[in-house]
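Asker: Have a look at the structure that comes next, please.
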Amino acid sequence: MNTLQDRTRAPLSVIKSLGAERWLSVLFATWLLLAVTTPEVVYRSFFHALIYPLTLFLLVRRENGVLRRDGFVRLFLVFCGYMAVTTWVVGKGPVEDDLQATRWGFEAALGLAAFSLWVRAVVGHGEFWGRWFLLLALSGALCGILFSWSDAAAGVRIGALGVMEHPIQGASIAIMFLAIGLFLTFGRHRSSSATDLVIALGSLVAVTVFVTLTQSRGPLVALLVYLFFFTALQCFRQGRLVTLCAFVLVIGLVTGLLQWLMGFEAFLEQLMARGASYRLEIWTAYLTYLPESLLLGNGAGMNFDLTDASRLYLEPMGLDISHPHNIWLGVFVETGLIGLLMQVGLVLLPIVATLRSRGPISDKLHRLALVGLFLLLTFSDEYTLLISLHPIWLFGWLPLVFVWTWSTRRGPEHMAGYADRHDQRAHKP
């Protein structure tokens with residue numbers, strides 16, 4: 001009987017010994033995999049049912065002090081509160097829309113707290129998370145290619161599964177996972193193995209093929225810029241011919257697959273046929289018809305369809321397009337100059353922290369490149385960072401929080417010490 005009880009208690013003791021912080025990392029790893037391989041209802045339900053409650057538990061228990069001292073988190077929370085309040089001051093839409101904006105502010109605040117607590121573990125265990133991000137990029141891209149094979153062969157824009165379903169957002173997420181994975185795997189802070197090289201090469205090929213088949217020009221340009229940067233950085237760091245060979249191999253494989261699937265000329269024709277996708281008209285509309293309050297905007301609860309830019313400029317042109325398709329115009333329209341300055345601060349904080357941090361110049365450049373990817377990927381799409389669970393969390397929040405956390409830590413030894421302290425606390429009777 002005692003033996004049976006001991007066997008039952010053993011797994012429970014292992015679960016308890018992990019600690020809440022470790023469980024948050026486990027849940028995030030699982031959630032990210034579900035997000036790129038399952039329908040939306042699955043990954044959204046998982047986050048709301050498990051990650052939100054655990055985050056609240058951590059905040060109530062002891063981690064709220066850590067976040068209160070975090071400059072990035074403080075600014076983000078102020079931004080959320082500002083958006084949630086000002087929508088009631090200037091908003092002229094239905095009350096339920098203002099309620100939704102307030103709810104989004106609360107969910108964004110709690111979600112960012114969860115991301116910040118989790119990313120501390122990512123920074124402290126870069127070897128595992130580097131491979132995991134590369135595998136996530138590989139899995140998401142392969143799901144998109146395999147499940148949309150017939151569409152790709154017919155020249156139709158493809159998406160993937162779950163959070164990567166939309167062609168532009170899916171491509172952006174795949175690129176960001178790839179870039180963070182490559183930074184963690186091939187940075188100067190650690191050495192890579194043969195397994196890392198195989199996973200990285202497979203991820204590079206799969207992501208490049210997937211992004212190309214989405215026919216999303218913004219992400220495609222961002223990916224090409226990043227690939228050239230990463231190749232140049234690796235050549236500068238190591239001076240190895242293998243880096244150039246790997247780059248040529250990736251480009252060759254992608255070109256060959258593209259030619260086999262739909263033909264390179266047909267791909268270019270379809271890419272150019274869409275023109276600028278009315279981006280210039282959309283931006284002109286919102287720059288012509290400014291928000292009623294330059295300081296506070298129109299309010300985050302006001303539907304873009306009700307703005308003067310939509311009613312007086314876009315609708316007469318026959319364009320059924322609402323949001324500004326630019327994250328800077330979007331925040332200006334919703335929250336005015338004050339909100340715009342807060343968002344500028346959220347981008348400047350990681351940049352300044354990177355420039356002031358210690359470490360090799362190659363790692364600093366790579367971190368700045370992650371922020372650059374965020375700017376490129378949101379230049380012609382999206383409209384806000386403050387929203388309920390959304391793909392922007394993965395290619396907007398993730399790079400900013402990651403770069404900030406990495407740059408403000410005291411060094412690898414500090415993170416190792418942090419992990420050791422949590423191990424000791426977890427094993428205390």
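Residue names in the structure tokens use chain letters A, B, ... in the order shown, residue numbers from 1 in each chain, and ligand numbers from 1 in the order shown.
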Write out as a PyMOL selection string each polymer residue whose atoms come within 10 Å of segment 132-139 of chain A, counting only C-alpha atoms; drop sequence neighbours fewer than 4 positions from it.

Answerer: chain A and resi 29+32-37+126-128+143-145+160+171+173-182+184-185+196+199-207+210

Asker: Report as a list in words all protein, DNA and RNA residues lying within 9 Å of segment 268-275 of chain A, evaluated on only C-alpha atoms, omitting residues in the same chain fewer than 6 positions from it.

Answerer: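 Residues meeting the cut-off are Gly155, Gln215, Ser216 and Arg217 of chain A.
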
Asker: Can you tell me, as a PyMOL selection string, which residues in segment 190-372 of chain A count as alpha helix (DSSP H) by DSSP?

Answerer: chain A and resi 194-214+217-238+241-261+264-273+279-288+308+327-356+361-372

Asker: Let me make sure I understand: among A:Leu27, A:Val66, A:Ile392, A:Val209, which one has the smallest atom-to-atom distance to Leu54 of chain A if we use only C-alpha atoms?

Answerer: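 The shortest atom-to-atom distance to Leu54 of chain A comes from A:Leu27.
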
Asker: Kindly indicate which residue among A:Leu253, A:Met317, A:Val26, A:Leu365 lies nearest to Thr208 of chain A, using only C-alpha atoms for the distances.

Answerer: A:Leu253

Asker: Under the rule that only C-alpha atoms are counted, which of A:Phe395, A:Gly65, A:Val250, A:Ser362 is the nearest residue to Ala232 of chain A?

Answerer: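 Between A:Phe395, A:Gly65, A:Val250, A:Ser362, the residue approaching Ala232 of chain A most closely is A:Ser362.
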
Asker: How many Å separate atom CA of Thr408 of chain A from atom CA of Ser357 of chain A?

Answerer: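 Computed distance, atom CA of Thr408 of chain A to atom CA of Ser357 of chain A, equals 6.9 Å.
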
Asker: Between atom CA of Arg358 of chain A and atom CA of Glu21 of chain A, measure the distance and give it in Å to one decimal.

Answerer: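 For atom CA of Arg358 of chain A relative to atom CA of Glu21 of chain A, the distance reads 26.7 Å.
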
Asker: Extract, using only C-alpha atoms, all DNA, RNA and protein residues at most 9 Å from Phe332 of chain A, discarding same-chain residues fewer than 2 positions from it, and format them as a PyMOL selection string.

Answerer: chain A and resi 290-291+294-298+327-330+334-340

Asker: Quote the spacing between atom CA of Val90 of chain A and atom CA of Gly105 of chain A in Å to one decimal place.

Answerer: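 These two atoms are separated by 16.1 Å.
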
Asker: Please determine, counting only C-alpha atoms, which residue among A:Pro324, A:Gly318, A:Gly159, A:Pro399 has the shortest atom-to-atom distance to Ile351 of chain A.

Answerer: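 Going through A:Pro324, A:Gly318, A:Gly159, A:Pro399 one by one, the smallest distance to Ile351 of chain A is for A:Pro399.
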
Asker: Which of these residues is nearest to Phe115 of chain A, using only C-alpha atoms: A:Leu394, A:Ala141, A:Val198, A:Val242?

Answerer: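 Using only C-alpha atoms, Phe115 of chain A sits closest to A:Leu394.
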
Asker: Pick out the closest residue to Phe374 of chain A from this set: A:Val403, A:Leu314, A:Leu146, A:Ile51. Count only C-alpha atoms.

Answerer: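 With only C-alpha atoms as the atom set, the closest residue is A:Val403.
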
Asker: Using only C-alpha atoms, determine which residues lie at most 9 Å from Ser380 of chain A, disregarding the query and same-chain residues fewer than 3 positions distant; provide the list as a ChimeraX atom specification.

Answerer: /A:218,279,324-327,376-377
